[in-house]
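Colleague: My structure is stored as data.txt, with compact mmCIF, N, CA and C atoms.
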# COMPACT_ATOMS: atom_id res chain seq x y z
N MET P 44 -2.70 -7.58 -12.84
CA MET P 44 -2.59 -6.40 -11.99
C MET P 44 -3.75 -6.41 -10.98
N SER P 45 -3.46 -6.18 -9.73
CA SER P 45 -4.51 -6.19 -8.72
C SER P 45 -5.26 -4.86 -8.71
N ILE P 46 -6.40 -4.86 -8.03
CA ILE P 46 -7.16 -3.62 -7.89
C ILE P 46 -6.30 -2.57 -7.19
N THR P 47 -5.53 -3.00 -6.19
CA THR P 47 -4.68 -2.05 -5.46
C THR P 47 -3.64 -1.43 -6.38
N ASP P 48 -3.02 -2.27 -7.23
CA ASP P 48 -2.03 -1.76 -8.16
C ASP P 48 -2.65 -0.74 -9.11
N GLU P 49 -3.86 -1.07 -9.59
CA GLU P 49 -4.53 -0.15 -10.50
C GLU P 49 -4.81 1.17 -9.82
N ARG P 50 -5.19 1.10 -8.52
CA ARG P 50 -5.49 2.33 -7.78
C ARG P 50 -4.22 3.17 -7.62
N VAL P 51 -3.12 2.52 -7.32
CA VAL P 51 -1.86 3.25 -7.16
C VAL P 51 -1.46 3.89 -8.48
N ASP P 52 -1.59 3.12 -9.58
CA ASP P 52 -1.23 3.68 -10.88
C ASP P 52 -2.11 4.87 -11.22
N ALA P 53 -3.41 4.76 -10.90
CA ALA P 53 -4.33 5.85 -11.20
C ALA P 53 -3.95 7.09 -10.42
N SER P 54 -3.59 6.92 -9.14
CA SER P 54 -3.24 8.08 -8.34
C SER P 54 -1.97 8.74 -8.85
N ALA P 55 -1.02 7.90 -9.33
CA ALA P 55 0.22 8.46 -9.86
C ALA P 55 -0.07 9.29 -11.10
N ARG P 56 -1.05 8.81 -11.91
CA ARG P 56 -1.40 9.56 -13.11
C ARG P 56 -2.11 10.86 -12.76
N ASP P 57 -2.81 10.87 -11.62
CA ASP P 57 -3.61 12.04 -11.28
C ASP P 57 -2.76 13.27 -11.00
N PHE P 58 -1.53 13.07 -10.56
CA PHE P 58 -0.68 14.22 -10.25
C PHE P 58 0.20 14.56 -11.43
N ASP P 59 -0.07 15.70 -12.03
CA ASP P 59 0.74 16.18 -13.15
C ASP P 59 1.52 17.39 -12.66
N PRO P 60 2.82 17.26 -12.46
CA PRO P 60 3.61 18.37 -11.92
C PRO P 60 3.69 19.58 -12.84
N ASP P 61 3.27 19.39 -14.10
CA ASP P 61 3.31 20.53 -15.03
C ASP P 61 2.03 21.37 -14.98
N ARG P 62 1.07 20.93 -14.18
CA ARG P 62 -0.14 21.74 -13.98
C ARG P 62 0.04 22.66 -12.77
N ALA P 63 -0.84 23.65 -12.68
CA ALA P 63 -0.84 24.54 -11.52
C ALA P 63 -1.64 23.88 -10.39
N TRP P 64 -1.10 23.90 -9.20
CA TRP P 64 -1.73 23.28 -8.04
C TRP P 64 -1.86 24.31 -6.93
N ARG P 65 -2.73 24.02 -6.01
CA ARG P 65 -2.92 24.91 -4.85
C ARG P 65 -3.38 24.08 -3.67
N LEU P 66 -3.28 24.66 -2.51
CA LEU P 66 -3.86 24.03 -1.33
C LEU P 66 -5.37 23.95 -1.55
N HIS P 67 -5.95 22.81 -1.33
CA HIS P 67 -7.39 22.65 -1.54
C HIS P 67 -8.16 23.63 -0.66
N PRO P 68 -9.18 24.29 -1.21
CA PRO P 68 -9.91 25.29 -0.42
C PRO P 68 -10.53 24.74 0.86
N GLN P 69 -10.77 23.44 0.90
CA GLN P 69 -11.38 22.86 2.10
C GLN P 69 -10.34 22.30 3.08
N VAL P 70 -9.08 22.64 2.86
CA VAL P 70 -8.02 22.14 3.74
C VAL P 70 -7.47 23.27 4.60
N ALA P 71 -7.36 22.99 5.88
CA ALA P 71 -6.73 23.93 6.80
C ALA P 71 -5.38 23.38 7.22
N LEU P 72 -4.39 24.26 7.19
CA LEU P 72 -3.05 23.90 7.67
C LEU P 72 -2.85 24.53 9.05
N ARG P 73 -2.33 23.74 9.97
CA ARG P 73 -1.98 24.30 11.27
C ARG P 73 -0.50 24.01 11.53
N ASP P 74 0.25 25.09 11.73
CA ASP P 74 1.68 24.93 11.95
C ASP P 74 1.94 24.15 13.24
N GLU P 75 2.91 23.26 13.15
CA GLU P 75 3.36 22.47 14.30
C GLU P 75 4.87 22.47 14.31
N SER P 76 5.45 22.04 15.41
CA SER P 76 6.91 22.04 15.52
C SER P 76 7.56 21.13 14.47
N PHE P 77 6.86 20.06 14.08
CA PHE P 77 7.43 19.11 13.11
C PHE P 77 7.14 19.51 11.67
N GLY P 78 6.24 20.48 11.48
CA GLY P 78 5.82 20.88 10.14
C GLY P 78 4.43 21.46 10.20
N ALA P 79 3.42 20.64 9.85
CA ALA P 79 2.04 21.14 9.94
C ALA P 79 1.07 19.96 9.91
N LEU P 80 -0.11 20.23 10.48
CA LEU P 80 -1.24 19.32 10.32
C LEU P 80 -2.08 19.85 9.17
N ALA P 81 -2.57 18.93 8.34
CA ALA P 81 -3.48 19.31 7.27
C ALA P 81 -4.78 18.56 7.50
N TYR P 82 -5.87 19.31 7.63
CA TYR P 82 -7.18 18.67 7.83
C TYR P 82 -8.10 19.06 6.69
N HIS P 83 -8.70 18.06 6.05
CA HIS P 83 -9.63 18.28 4.95
C HIS P 83 -11.05 18.20 5.49
N TYR P 84 -11.77 19.32 5.44
CA TYR P 84 -13.12 19.35 6.01
C TYR P 84 -14.11 18.56 5.18
N GLY P 85 -13.79 18.28 3.91
CA GLY P 85 -14.69 17.51 3.07
C GLY P 85 -14.53 16.01 3.27
N THR P 86 -13.29 15.55 3.19
CA THR P 86 -13.02 14.12 3.31
C THR P 86 -12.78 13.69 4.75
N ARG P 87 -12.57 14.67 5.63
CA ARG P 87 -12.26 14.45 7.05
C ARG P 87 -10.95 13.68 7.22
N ARG P 88 -10.06 13.86 6.25
CA ARG P 88 -8.75 13.25 6.38
C ARG P 88 -7.79 14.17 7.13
N LEU P 89 -6.92 13.57 7.90
CA LEU P 89 -5.92 14.32 8.65
C LEU P 89 -4.54 13.80 8.25
N LEU P 90 -3.67 14.71 7.85
CA LEU P 90 -2.33 14.30 7.44
C LEU P 90 -1.28 15.13 8.17
N PHE P 91 -0.16 14.51 8.40
CA PHE P 91 0.99 15.21 8.94
C PHE P 91 1.92 15.59 7.79
N LEU P 92 2.26 16.85 7.68
CA LEU P 92 3.33 17.27 6.77
C LEU P 92 4.56 17.43 7.65
N LYS P 93 5.52 16.52 7.45
CA LYS P 93 6.56 16.40 8.46
C LYS P 93 7.88 17.08 8.09
N SER P 94 7.78 18.19 7.39
CA SER P 94 8.97 19.03 7.21
C SER P 94 8.53 20.45 6.92
N ARG P 95 9.26 21.40 7.43
CA ARG P 95 8.93 22.81 7.19
C ARG P 95 9.02 23.15 5.70
N PRO P 96 10.06 22.68 4.99
CA PRO P 96 10.12 22.99 3.56
C PRO P 96 8.90 22.49 2.79
N LEU P 97 8.35 21.33 3.19
CA LEU P 97 7.16 20.83 2.51
C LEU P 97 5.97 21.75 2.78
N VAL P 98 5.86 22.23 4.01
CA VAL P 98 4.77 23.15 4.35
C VAL P 98 4.89 24.43 3.52
N GLU P 99 6.11 24.92 3.42
CA GLU P 99 6.34 26.15 2.64
C GLU P 99 6.03 25.92 1.16
N LEU P 100 6.41 24.73 0.67
CA LEU P 100 6.14 24.40 -0.74
C LEU P 100 4.63 24.35 -0.99
N VAL P 101 3.91 23.64 -0.14
CA VAL P 101 2.46 23.50 -0.32
C VAL P 101 1.79 24.87 -0.22
N SER P 102 2.23 25.68 0.73
CA SER P 102 1.62 27.00 0.93
C SER P 102 1.87 27.93 -0.25
N ALA P 103 2.99 27.71 -0.95
CA ALA P 103 3.38 28.62 -2.03
C ALA P 103 2.96 28.12 -3.41
N LEU P 104 2.36 26.94 -3.49
CA LEU P 104 2.06 26.34 -4.80
C LEU P 104 1.29 27.28 -5.72
N ASP P 105 0.31 28.01 -5.15
CA ASP P 105 -0.55 28.82 -6.03
C ASP P 105 0.14 30.07 -6.55
N HIS P 106 1.39 30.30 -6.13
CA HIS P 106 2.14 31.44 -6.66
C HIS P 106 2.94 31.06 -7.90
N TYR P 107 2.91 29.78 -8.26
CA TYR P 107 3.72 29.30 -9.39
C TYR P 107 2.82 28.74 -10.49
N GLU P 108 3.31 28.78 -11.71
CA GLU P 108 2.51 28.32 -12.84
C GLU P 108 2.37 26.80 -12.87
N SER P 109 3.25 26.11 -12.16
CA SER P 109 3.15 24.66 -12.09
C SER P 109 3.81 24.17 -10.80
N ALA P 110 3.46 22.95 -10.42
CA ALA P 110 4.09 22.36 -9.24
C ALA P 110 5.59 22.19 -9.49
N ARG P 111 5.93 21.84 -10.72
CA ARG P 111 7.35 21.65 -11.04
C ARG P 111 8.12 22.96 -10.84
N ALA P 112 7.53 24.07 -11.26
CA ALA P 112 8.21 25.36 -11.10
C ALA P 112 8.40 25.69 -9.62
N ALA P 113 7.39 25.37 -8.81
CA ALA P 113 7.49 25.62 -7.37
C ALA P 113 8.59 24.77 -6.75
N ILE P 114 8.63 23.51 -7.14
CA ILE P 114 9.63 22.60 -6.59
C ILE P 114 11.03 23.06 -6.98
N GLU P 115 11.20 23.43 -8.24
CA GLU P 115 12.53 23.85 -8.71
C GLU P 115 12.98 25.14 -8.01
N ALA P 116 12.00 25.99 -7.64
CA ALA P 116 12.35 27.25 -7.00
C ALA P 116 12.65 27.08 -5.51
N LEU P 117 11.99 26.11 -4.87
CA LEU P 117 12.02 26.06 -3.41
C LEU P 117 12.75 24.86 -2.81
N VAL P 118 13.01 23.83 -3.63
CA VAL P 118 13.57 22.59 -3.09
C VAL P 118 14.94 22.33 -3.71
N PRO P 119 15.94 21.99 -2.88
CA PRO P 119 17.25 21.64 -3.43
C PRO P 119 17.13 20.50 -4.45
N GLU P 120 17.97 20.54 -5.48
CA GLU P 120 17.85 19.57 -6.57
C GLU P 120 17.89 18.13 -6.08
N SER P 121 18.72 17.86 -5.09
CA SER P 121 18.87 16.49 -4.61
C SER P 121 17.61 15.96 -3.94
N GLU P 122 16.70 16.84 -3.56
CA GLU P 122 15.48 16.42 -2.86
C GLU P 122 14.22 16.60 -3.70
N GLN P 123 14.38 17.04 -4.94
CA GLN P 123 13.20 17.37 -5.74
C GLN P 123 12.33 16.15 -6.05
N ALA P 124 12.95 15.00 -6.30
CA ALA P 124 12.16 13.80 -6.62
C ALA P 124 11.32 13.39 -5.41
N GLN P 125 11.92 13.47 -4.24
CA GLN P 125 11.20 13.10 -3.02
C GLN P 125 10.02 14.05 -2.76
N TYR P 126 10.23 15.33 -2.99
CA TYR P 126 9.15 16.29 -2.75
C TYR P 126 8.08 16.21 -3.84
N THR P 127 8.47 15.80 -5.04
CA THR P 127 7.47 15.58 -6.08
C THR P 127 6.56 14.42 -5.68
N ARG P 128 7.15 13.36 -5.16
CA ARG P 128 6.33 12.23 -4.70
C ARG P 128 5.46 12.64 -3.52
N ALA P 129 5.99 13.50 -2.66
CA ALA P 129 5.19 13.97 -1.51
C ALA P 129 3.97 14.75 -2.01
N LEU P 130 4.16 15.58 -3.04
CA LEU P 130 3.01 16.32 -3.59
C LEU P 130 2.02 15.36 -4.24
N ALA P 131 2.53 14.33 -4.91
CA ALA P 131 1.63 13.33 -5.50
C ALA P 131 0.80 12.66 -4.41
N ARG P 132 1.43 12.39 -3.30
CA ARG P 132 0.72 11.79 -2.16
C ARG P 132 -0.35 12.74 -1.63
N LEU P 133 -0.02 14.03 -1.57
CA LEU P 133 -0.98 15.02 -1.09
C LEU P 133 -2.12 15.21 -2.10
N ALA P 134 -1.82 15.09 -3.39
CA ALA P 134 -2.86 15.18 -4.41
C ALA P 134 -3.82 14.00 -4.27
N LYS P 135 -3.27 12.82 -4.02
CA LYS P 135 -4.09 11.62 -3.85
C LYS P 135 -5.08 11.80 -2.70
N SER P 136 -4.65 12.48 -1.65
CA SER P 136 -5.52 12.71 -0.49
C SER P 136 -6.30 14.00 -0.60
N GLU P 137 -6.19 14.67 -1.75
CA GLU P 137 -6.94 15.90 -2.02
C GLU P 137 -6.56 17.05 -1.10
N VAL P 138 -5.36 17.01 -0.57
CA VAL P 138 -4.86 18.14 0.21
C VAL P 138 -4.51 19.29 -0.73
N ILE P 139 -4.06 18.93 -1.93
CA ILE P 139 -3.83 19.93 -2.97
C ILE P 139 -4.69 19.54 -4.17
N ASP P 140 -5.08 20.55 -4.94
CA ASP P 140 -5.82 20.24 -6.15
C ASP P 140 -5.34 21.12 -7.31
N ALA P 141 -5.54 20.60 -8.52
CA ALA P 141 -5.14 21.35 -9.72
C ALA P 141 -6.17 22.43 -9.97
N HIS P 142 -5.72 23.55 -10.48
CA HIS P 142 -6.67 24.62 -10.78
C HIS P 142 -6.27 25.33 -12.05
N MET Z 178 31.81 -9.06 11.38
CA MET Z 178 30.98 -8.37 12.36
C MET Z 178 30.65 -6.97 11.86
N LEU Z 179 29.40 -6.57 12.01
CA LEU Z 179 28.98 -5.25 11.57
C LEU Z 179 29.03 -4.27 12.74
N LEU Z 180 29.63 -3.15 12.47
CA LEU Z 180 29.56 -2.07 13.45
C LEU Z 180 28.15 -1.50 13.41
N SER Z 181 27.73 -0.90 14.47
CA SER Z 181 26.37 -0.38 14.52
C SER Z 181 26.14 0.67 13.43
N GLU Z 182 27.17 1.46 13.14
CA GLU Z 182 27.02 2.49 12.11
C GLU Z 182 26.79 1.84 10.74
N ASP Z 183 27.52 0.71 10.49
CA ASP Z 183 27.33 0.01 9.23
C ASP Z 183 25.89 -0.50 9.12
N GLN Z 184 25.39 -1.02 10.23
CA GLN Z 184 24.03 -1.53 10.22
C GLN Z 184 23.03 -0.41 9.94
N ASP Z 185 23.29 0.76 10.53
CA ASP Z 185 22.38 1.90 10.29
C ASP Z 185 22.34 2.25 8.81
N VAL Z 186 23.52 2.24 8.18
CA VAL Z 186 23.57 2.57 6.75
C VAL Z 186 22.78 1.55 5.95
N GLN Z 187 22.97 0.27 6.30
CA GLN Z 187 22.23 -0.77 5.57
C GLN Z 187 20.73 -0.62 5.77
N ASP Z 188 20.32 -0.28 6.99
CA ASP Z 188 18.90 -0.10 7.27
C ASP Z 188 18.34 1.04 6.43
N ALA Z 189 19.10 2.14 6.35
CA ALA Z 189 18.64 3.29 5.59
C ALA Z 189 18.51 2.93 4.11
N GLU Z 190 19.47 2.16 3.60
CA GLU Z 190 19.42 1.78 2.20
C GLU Z 190 18.27 0.84 1.91
N ALA Z 191 17.85 0.12 2.95
CA ALA Z 191 16.78 -0.86 2.76
C ALA Z 191 15.41 -0.20 2.73
N LEU Z 192 15.33 1.08 3.09
CA LEU Z 192 14.03 1.77 3.08
C LEU Z 192 13.52 1.89 1.65
N SER Z 193 12.27 1.57 1.45
CA SER Z 193 11.68 1.73 0.14
C SER Z 193 11.36 3.20 -0.09
N GLU Z 194 11.05 3.54 -1.35
CA GLU Z 194 10.67 4.92 -1.64
C GLU Z 194 9.44 5.32 -0.83
N ASP Z 195 8.49 4.38 -0.70
CA ASP Z 195 7.28 4.69 0.06
C ASP Z 195 7.62 5.03 1.50
N GLU Z 196 8.55 4.26 2.06
CA GLU Z 196 8.91 4.51 3.46
C GLU Z 196 9.63 5.84 3.61
N VAL Z 197 10.47 6.17 2.64
CA VAL Z 197 11.15 7.45 2.68
C VAL Z 197 10.13 8.57 2.59
N ASP Z 198 9.13 8.39 1.68
CA ASP Z 198 8.11 9.42 1.52
C ASP Z 198 7.28 9.59 2.78
N GLU Z 199 7.12 8.50 3.53
CA GLU Z 199 6.38 8.59 4.79
C GLU Z 199 7.07 9.54 5.77
N LEU Z 200 8.34 9.80 5.53
CA LEU Z 200 9.05 10.75 6.38
C LEU Z 200 8.52 12.16 6.16
N LEU Z 201 7.91 12.40 5.01
CA LEU Z 201 7.40 13.73 4.69
C LEU Z 201 5.90 13.85 4.90
N VAL Z 202 5.16 12.81 4.54
CA VAL Z 202 3.70 12.86 4.61
C VAL Z 202 3.19 11.59 5.28
N GLU Z 203 2.32 11.77 6.25
CA GLU Z 203 1.73 10.60 6.91
C GLU Z 203 0.25 10.88 7.13
N GLU Z 204 -0.59 9.99 6.63
CA GLU Z 204 -2.02 10.14 6.85
C GLU Z 204 -2.41 9.42 8.13
N VAL Z 205 -3.22 10.08 8.92
CA VAL Z 205 -3.61 9.53 10.21
C VAL Z 205 -5.10 9.24 10.19
N SER Z 206 -5.47 8.06 10.58
CA SER Z 206 -6.89 7.73 10.67
C SER Z 206 -7.47 8.36 11.92
N ILE Z 207 -8.59 9.05 11.74
CA ILE Z 207 -9.23 9.64 12.92
C ILE Z 207 -10.56 8.94 13.20
N ASP Z 208 -10.76 7.77 12.54
CA ASP Z 208 -11.96 6.99 12.85
C ASP Z 208 -11.96 6.64 14.33
N GLY Z 209 -13.09 6.79 14.93
CA GLY Z 209 -13.19 6.43 16.34
C GLY Z 209 -12.77 7.52 17.29
N MET Z 210 -12.34 8.66 16.74
CA MET Z 210 -11.93 9.76 17.62
C MET Z 210 -13.10 10.67 17.96
N CYS Z 211 -14.27 10.42 17.35
CA CYS Z 211 -15.44 11.25 17.68
C CYS Z 211 -15.72 11.13 19.18
N GLY Z 212 -15.94 12.23 19.79
CA GLY Z 212 -16.22 12.21 21.21
C GLY Z 212 -15.00 12.48 22.06
N VAL Z 213 -13.83 12.45 21.42
CA VAL Z 213 -12.60 12.72 22.16
C VAL Z 213 -12.56 14.20 22.54
N TYR Z 214 -13.07 15.03 21.59
CA TYR Z 214 -13.01 16.47 21.85
C TYR Z 214 -14.33 16.98 22.41
Take the structure in the file and give it back as structure tokens.

Modeller:
Amino acid sequence: MSITDERVDASARDFDPDRAWRLHPQVALRDESFGALAYHYGTRRLLFLKSRPLVELVSALDHYESARAAIEALVPESEQAQYTRALARLAKSEVIDAH
Amino acid sequence: MLLSEDQDVQDAEALSEDEVDELLVEEVSIDGMCGVY
């Protein structure tokens, strides 16, 4: 297994959809026509969230007891796997954090 | 002969999960942008 593979596996483990997640306190979201820009003032990372439903999901995470509950409430079943991976990607970049 | 629509379907099926996920989230490098603003 390469170092890159290990890093990917570690990041996948880091996101537990059964935990409660929220927008990271150091992240600002700015609405855009395509979705939103997310800027992390700590890591100085900039990400594009390229769908309105994803922006709404991320913004609403802290109202649910788990990321899974938020996804099940807000995302059509056929798209839930894709949005779960999107949240894992955002967790990897520290746009969202467990609390 | 493939119709263009058939080719589009094949292209879509060829997308990996990572590429599909890039449709939702894309990280942008801002290295070197200091001084732009």

Colleague: Write down, as a list in words, each residue of chain P that has any atom within 8 Å of an atom of chain Z, counting only N, CA and C atoms.

Modeller: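 Listing them in order of chain and number gives Arg87, Arg88, Leu89, Leu90, Phe91, Leu92, Lys93, Ser94, Leu97, Gln125, Tyr126, Arg128, Ala129, Arg132 and Leu133 of chain P.
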
Colleague: Write to file, as a PDB file, in the coordinates of the input, the residues of the selection just made, with N, CA and C atoms.

Modeller:
ATOM      1  N   ARG P  87     -12.570  14.670   5.630  1.00  0.00           N
ATOM      2  CA  ARG P  87     -12.260  14.450   7.050  1.00  0.00           C
ATOM      3  C   ARG P  87     -10.950  13.680   7.220  1.00  0.00           C
ATOM      4  N   ARG P  88     -10.060  13.860   6.250  1.00  0.00           N
ATOM      5  CA  ARG P  88      -8.750  13.250   6.380  1.00  0.00           C
ATOM      6  C   ARG P  88      -7.790  14.170   7.130  1.00  0.00           C
ATOM      7  N   LEU P  89      -6.920  13.570   7.900  1.00  0.00           N
ATOM      8  CA  LEU P  89      -5.920  14.320   8.650  1.00  0.00           C
ATOM      9  C   LEU P  89      -4.540  13.800   8.250  1.00  0.00           C
ATOM     10  N   LEU P  90      -3.670  14.710   7.850  1.00  0.00           N
ATOM     11  CA  LEU P  90      -2.330  14.300   7.440  1.00  0.00           C
ATOM     12  C   LEU P  90      -1.280  15.130   8.170  1.00  0.00           C
ATOM     13  N   PHE P  91      -0.160  14.510   8.400  1.00  0.00           N
ATOM     14  CA  PHE P  91       0.990  15.210   8.940  1.00  0.00           C
ATOM     15  C   PHE P  91       1.920  15.590   7.790  1.00  0.00           C
ATOM     16  N   LEU P  92       2.260  16.850   7.680  1.00  0.00           N
ATOM     17  CA  LEU P  92       3.330  17.270   6.770  1.00  0.00           C
ATOM     18  C   LEU P  92       4.560  17.430   7.650  1.00  0.00           C
ATOM     19  N   LYS P  93       5.520  16.520   7.450  1.00  0.00           N
ATOM     20  CA  LYS P  93       6.560  16.400   8.460  1.00  0.00           C
ATOM     21  C   LYS P  93       7.880  17.080   8.090  1.00  0.00           C
ATOM     22  N   SER P  94       7.780  18.190   7.390  1.00  0.00           N
ATOM     23  CA  SER P  94       8.970  19.030   7.210  1.00  0.00           C
ATOM     24  C   SER P  94       8.530  20.450   6.920  1.00  0.00           C
ATOM     25  N   LEU P  97       8.350  21.330   3.190  1.00  0.00           N
ATOM     26  CA  LEU P  97       7.160  20.830   2.510  1.00  0.00           C
ATOM     27  C   LEU P  97       5.970  21.750   2.780  1.00  0.00           C
ATOM     28  N   GLN P 125      11.920  13.470  -4.240  1.00  0.00           N
ATOM     29  CA  GLN P 125      11.200  13.100  -3.020  1.00  0.00           C
ATOM     30  C   GLN P 125      10.020  14.050  -2.760  1.00  0.00           C
ATOM     31  N   TYR P 126      10.230  15.330  -2.990  1.00  0.00           N
ATOM     32  CA  TYR P 126       9.150  16.290  -2.750  1.00  0.00           C
ATOM     33  C   TYR P 126       8.080  16.210  -3.840  1.00  0.00           C
ATOM     34  N   ARG P 128       7.150  13.360  -5.160  1.00  0.00           N
ATOM     35  CA  ARG P 128       6.330  12.230  -4.700  1.00  0.00           C
ATOM     36  C   ARG P 128       5.460  12.640  -3.520  1.00  0.00           C
ATOM     37  N   ALA P 129       5.990  13.500  -2.660  1.00  0.00           N
ATOM     38  CA  ALA P 129       5.190  13.970  -1.510  1.00  0.00           C
ATOM     39  C   ALA P 129       3.970  14.750  -2.010  1.00  0.00           C
ATOM     40  N   ARG P 132       1.430  12.390  -3.300  1.00  0.00           N
ATOM     41  CA  ARG P 132       0.720  11.790  -2.160  1.00  0.00           C
ATOM     42  C   ARG P 132      -0.350  12.740  -1.630  1.00  0.00           C
ATOM     43  N   LEU P 133      -0.020  14.030  -1.570  1.00  0.00           N
ATOM     44  CA  LEU P 133      -0.980  15.020  -1.090  1.00  0.00           C
ATOM     45  C   LEU P 133      -2.120  15.210  -2.100  1.00  0.00           C
TER      46      LEU P 133
END

Colleague: Could you tell me how far atom N of P:Leu130 sits from atom CA of P:Glu108, in Å to one decimal place?

Modeller: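 Pair atom CA of P:Glu108 / atom N of P:Leu130 returns 16.2 Å.
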
Colleague: Can you pull out every residue from chain P that DSSP, working from the backbone, puts in strand (DSSP E), and format the result as JSON, numbers by chain?

Modeller: {"P": [64, 65, 66, 70, 71, 72, 73, 74, 75, 78, 79, 80, 81, 82, 83, 89, 90, 91, 92, 139, 140, 141]}

Colleague: Have a look at atom CA of P:Ala110 and atom CA of P:Pro68 and let me know their distance in Å, one decimal.

Modeller: 16.8 Å

Colleague: Find the distance between atom CA of P:His106 and atom CA of P:Arg65 and write it in Å to one decimal.

Modeller: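 Between these atoms lies a distance of 8.5 Å.
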
Colleague: Quick one: residues within 5 Å of stretch 135-138 of chain P, all atoms listed in the file, excluding same-chain residues fewer than 3 positions away - as number ranges by chain?

Modeller: P: 66-67, 131-132

Colleague: Go ahead and write the selection's residues with N, CA and C atoms as a PDB file, in the frame of the given file.

Modeller:
ATOM      1  N   LEU P  66      -3.280  24.660  -2.510  1.00  0.00           N
ATOM      2  CA  LEU P  66      -3.860  24.030  -1.330  1.00  0.00           C
ATOM      3  C   LEU P  66      -5.370  23.950  -1.550  1.00  0.00           C
ATOM      4  N   HIS P  67      -5.950  22.810  -1.330  1.00  0.00           N
ATOM      5  CA  HIS P  67      -7.390  22.650  -1.540  1.00  0.00           C
ATOM      6  C   HIS P  67      -8.160  23.630  -0.660  1.00  0.00           C
ATOM      7  N   ALA P 131       2.530  14.330  -4.910  1.00  0.00           N
ATOM      8  CA  ALA P 131       1.630  13.330  -5.500  1.00  0.00           C
ATOM      9  C   ALA P 131       0.800  12.660  -4.410  1.00  0.00           C
ATOM     10  N   ARG P 132       1.430  12.390  -3.300  1.00  0.00           N
ATOM     11  CA  ARG P 132       0.720  11.790  -2.160  1.00  0.00           C
ATOM     12  C   ARG P 132      -0.350  12.740  -1.630  1.00  0.00           C
TER      13      ARG P 132
END

Colleague: Using all atoms listed in the file, which residue out of P:Gly85, P:Arg95, P:Pro60, P:Val101 lies closest to P:Ile139?

Modeller: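 Under the stated criterion, the closest residue is P:Val101.
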
Colleague: Would you mind telling me which residue in P:Asp105, P:Tyr84, P:Gly78, P:Arg111 lies nearest to P:Asp61 when using all atoms listed in the file?

Modeller: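 Using all atoms listed in the file, P:Asp61 sits closest to P:Arg111.
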